[in-house]
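Participant: Here it is, the structure in full.
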There are 2 protein chains.
Amino acid sequence: MTRFIDNYLLYLMSQASASASAIFHEDLAQRGVPVTTWRILACLYPDQAMGISELANHCLAKQPTMTRQIDRLIEQGFVDRKNEDGDRRRVKVSLTVTGIKLAGTLIKQARDHEADLLGDITEEDKVALKSVLAKIMLRSEGAA
Amino acid sequence: MTRFIDNYLLYLMSQASASASAIFHEDLAQRGVPVTTWRILACLYPDQAMGISELANHCLAKQPTMTRQIDRLIEQGFVDRKNEDGDRRRVKVSLTVTGIKLAGTLIKQARDHEADLLGDITEEDKVALKSVLAKIMLRSEGAA
DNA sequence: GTCAATTACATGACTTTGCATATAATTACA
DNA sequence: TGTAATTATATGCAAAGTCATGTAATTGAC
């Protein structure tokens with residue numbers, strides 16, 4: 001009998017995603033950069049400004065987690081938080097010069113890692129993968 | 001200028017994976033079943049026996065986390081832990097009858113959710129997706 | 001314009017996670 | 001066989017995550 005997880009595509013997706021990022025995440029760990037920090041830096045690079053909740057969505061975290069992450073990153077000097085003029089409930093988070101620098105370095109490394117990982121895969125397959133993933137995302141976001 | 005994350009496939013993968021599972025994870029939450037618990041049940045269903053570390057790998061958690069998860073699940077009566085005869089360091093975790101029952105119910109729901117989610121996607125695309133993901137997993141595991 | 005509903009973020013209390021390390025069993029090798 | 005290295009799991013503790021809720025700003029209905 002085949003196991004359930006062997007035929008469950010969502011299991012394969014999460015496994016593949018985790019495996020694919022594992023090596024890079026080890027590199028991050030060696031630099032002392034938590035994965036959540038990496039995600040935030042990558043989202044804001046180079047000059048995006050985002051609200052807390054928006055950032056939380058992009059970074060697969062909950063809003064209270066993001067509030068605290070941003071506190072830490074401000075303390076470390078990597079991001080700025082400023083209130084939005086039009087709507088003073090909202091907050092805009094963006095990278096500082098130091099943050100841009102760190103993000104740039106990490107992104108370079110991430111690109112290298114990705115190129116290495118996907119080296120064997122044909123351009124055609126990559127395009128197909130992107131397209132199916134995008135379709136899945138659209139469909140699941142629409143339903144949510 | 002396009003943002004980095006818009007061209008970073010690993011970002012798309014983690015987003016798509018999270019989005020795809022989000023609705024089912026909400027169902028789990030309503031039942032009071034944590035995602036990690038679900039993963040453990042799904043891995044062991046129906047009659048697999050696995051060690052702690054092996055289970056941790058499958059469930060995207062670290063070994064100390066898994067030890068504690070298993071403690072909880074034993075307390076709740078969903079799994080059993082017994083020492084392996086040949087090697088008394090090792091432990092074999094498996095589902096109890098109650099665990100099998102719960103896992104079965106959840107798996108049914110997961111399958112329904114998956115079918116719904118992937119309804120629009122052609123069989124061909126699904127096969128292609130599986131194949132590319134498997135390739136990525138192999139390659140990244142090999143390097144790890 | 002007033003007040004209820006909504007939206008966005010912050011915070012208190014608690015839980016979960018995971019690093020570092022301890023413990024225990026097995027293996028390797030001199 | 002005695003001892004060092006290795007392997008599998010457990011545990012102390014500090015950090016990170018999140019649920020429920022609080023606070024403040026905005027919107028909407030009347």
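We name chains A, B, ... following the order of the structure tokens; residues begin at 1 in each chain, and ligands are numbered from 1 as shown.
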Using only C-alpha atoms (C1' of nucleotides), what does the table of chain B residues within 8 Å of chain C look like, with each row giving the shortest atom pair and its distance in Å to one decimal, sorted by chain and ascending number, as JSON lines?
Facilitator:
{"residue": "B:Lys62", "atom": "CA", "partner": "C:DG18", "partner_atom": "C1'", "distance": 6.9}
{"residue": "B:Pro64", "atom": "CA", "partner": "C:DG18", "partner_atom": "C1'", "distance": 7.0}
{"residue": "B:Thr65", "atom": "CA", "partner": "C:DT17", "partner_atom": "C1'", "distance": 6.4}
{"residue": "B:Asp87", "atom": "CA", "partner": "C:DA25", "partner_atom": "C1'", "distance": 7.2}
{"residue": "B:Arg88", "atom": "CA", "partner": "C:DA25", "partner_atom": "C1'", "distance": 6.2}
{"residue": "B:Arg89", "atom": "CA", "partner": "C:DA25", "partner_atom": "C1'", "distance": 5.2}
Participant: Output N, CA and C atoms of each residue in that selection to a file, as a short mmCIF file (atom, residue, chain, number, x, y, z; two decimals), in the first residue's frame.
Facilitator:
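Result file is out-v8.cif:
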data_model
loop_
_atom_site.label_atom_id
_atom_site.label_comp_id
_atom_site.auth_asym_id
_atom_site.auth_seq_id
_atom_site.Cartn_x
_atom_site.Cartn_y
_atom_site.Cartn_z
N LYS B 62 12.35 20.43 13.81
CA LYS B 62 13.61 19.94 14.34
C LYS B 62 13.34 18.83 15.34
N PRO B 64 14.18 18.27 18.55
CA PRO B 64 13.63 18.54 19.89
C PRO B 64 12.15 18.90 19.84
N THR B 65 11.78 19.62 18.80
CA THR B 65 10.36 19.94 18.63
C THR B 65 9.54 18.67 18.48
N ASP B 87 18.01 -1.74 18.47
CA ASP B 87 18.81 -0.57 18.83
C ASP B 87 18.02 0.26 19.84
N ARG B 88 18.39 0.14 21.09
CA ARG B 88 17.55 0.73 22.13
C ARG B 88 17.66 2.23 22.26
N ARG B 89 18.52 2.86 21.42
CA ARG B 89 18.50 4.32 21.36
C ARG B 89 17.26 4.78 20.60
#
Participant: Show me which bits of chain A are within 9 Å of chain B, counting only C-alpha atoms, as a PyMOL selection string.
Facilitator: chain A and resi 3-5+8-23+39+42-46+48+58-60+107+110-111+114+117-118+120-121+125-126+128-130+132-141+143-144
Participant: Store the residues picked out above in a file with C-alpha atoms, as a CSV table (one decimal), in the first residue's frame.
Facilitator:
chain,number,residue,atom,x,y,z
A,3,ARG,CA,1.3,6.0,1.8
A,4,PHE,CA,-1.1,8.9,1.8
A,5,ILE,CA,1.7,11.5,1.7
A,8,TYR,CA,-0.6,14.3,-1.6
A,9,LEU,CA,0.6,17.2,-3.8
A,10,LEU,CA,0.5,19.8,-1.0
A,11,TYR,CA,2.9,17.6,1.0
A,12,LEU,CA,5.3,17.4,-1.9
A,13,MET,CA,5.0,21.2,-2.4
A,14,SER,CA,5.9,22.0,1.2
A,15,GLN,CA,8.7,19.5,1.2
A,16,ALA,CA,10.2,20.6,-2.0
A,17,SER,CA,10.0,24.3,-0.9
A,18,ALA,CA,11.7,23.5,2.4
A,19,SER,CA,14.4,21.3,0.8
A,20,ALA,CA,15.1,23.9,-1.9
A,21,SER,CA,15.7,26.6,0.6
A,22,ALA,CA,17.5,24.5,3.2
A,23,ILE,CA,21.0,25.2,2.0
A,39,ARG,CA,12.2,37.4,4.1
A,42,ALA,CA,14.0,40.5,0.4
A,43,CYS,CA,10.4,41.9,0.3
A,44,LEU,CA,11.5,45.5,0.9
A,45,TYR,CA,14.5,45.5,-1.4
A,46,PRO,CA,15.4,47.9,-2.7
A,48,GLN,CA,9.5,49.2,-1.3
A,58,HIS,CA,4.3,38.3,2.2
A,59,CYS,CA,6.6,36.7,4.8
A,60,LEU,CA,4.3,33.9,5.9
A,107,ILE,CA,20.0,38.5,-2.6
A,110,ALA,CA,20.2,33.7,-2.9
A,111,ARG,CA,20.4,34.2,-6.7
A,114,GLU,CA,18.9,29.3,-6.9
A,117,LEU,CA,19.8,24.5,-7.6
A,118,LEU,CA,17.9,24.9,-10.8
A,120,ASP,CA,19.6,21.0,-14.3
A,121,ILE,CA,16.1,22.1,-15.0
A,125,ASP,CA,10.3,23.4,-17.1
A,126,LYS,CA,11.0,26.5,-15.1
A,128,ALA,CA,5.9,25.8,-16.6
A,129,LEU,CA,6.6,25.5,-12.9
A,130,LYS,CA,6.1,29.2,-12.4
A,132,VAL,CA,1.4,26.4,-12.4
A,133,LEU,CA,2.4,27.7,-9.1
A,134,ALA,CA,1.0,31.1,-10.0
A,135,LYS,CA,-2.3,29.5,-11.0
A,136,ILE,CA,-2.5,27.6,-7.7
A,137,MET,CA,-1.8,30.8,-5.8
A,138,LEU,CA,-4.4,32.7,-7.6
A,139,ARG,CA,-7.0,30.0,-7.1
A,140,SER,CA,-6.2,29.6,-3.4
A,141,GLU,CA,-6.1,33.3,-2.7
A,143,ALA,CA,-11.0,31.3,-2.2
A,144,ALA,CA,-9.6,32.7,1.0
Participant: What is the atom CA of A:Gly51-atom CA of A:Lys92 distance in Å, reported with one decimal?
Facilitator: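 Going from atom CA of A:Gly51 over to atom CA of A:Lys92 covers 4.9 Å.
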Participant: Each residue of chain D with at least one atom at most 10 Å from chain B should appear once, together with its nearest atom pair and the corresponding distance in Å (one decimal); atoms considered: only C-alpha atoms (C1' of nucleotides); ordering: chain, then increasing residue number; output as JSON lines.
Facilitator:
{"residue": "D:DT7", "atom": "C1'", "partner": "B:Arg89", "partner_atom": "CA", "distance": 8.3}
{"residue": "D:DA8", "atom": "C1'", "partner": "B:Arg89", "partner_atom": "CA", "distance": 5.3}
{"residue": "D:DT9", "atom": "C1'", "partner": "B:Arg89", "partner_atom": "CA", "distance": 6.9}
{"residue": "D:DA10", "atom": "C1'", "partner": "B:Thr67", "partner_atom": "CA", "distance": 7.5}
{"residue": "D:DT11", "atom": "C1'", "partner": "B:Pro64", "partner_atom": "CA", "distance": 8.6}
Participant: DSSP on the backbone: which residues in chain B end up as helix (DSSP H, G or I)? Give the answer as a PyMOL selection string.
Facilitator: chain B and resi 4-7+9-31+35-44+52-58+63-75+97-117+123-143
Participant: DSSP on the backbone, strand (DSSP E) only: what residues of stretch 2-130 of chain A does that give? Format it as number ranges by chain.
Facilitator: A: 79-83, 91-95
Participant: Please indicate the distance in Å from atom CA of A:Asp112 to atom CA of A:Gly99, rounded to one decimal place.
Facilitator: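 Distance between the two atoms: 20.0 Å.
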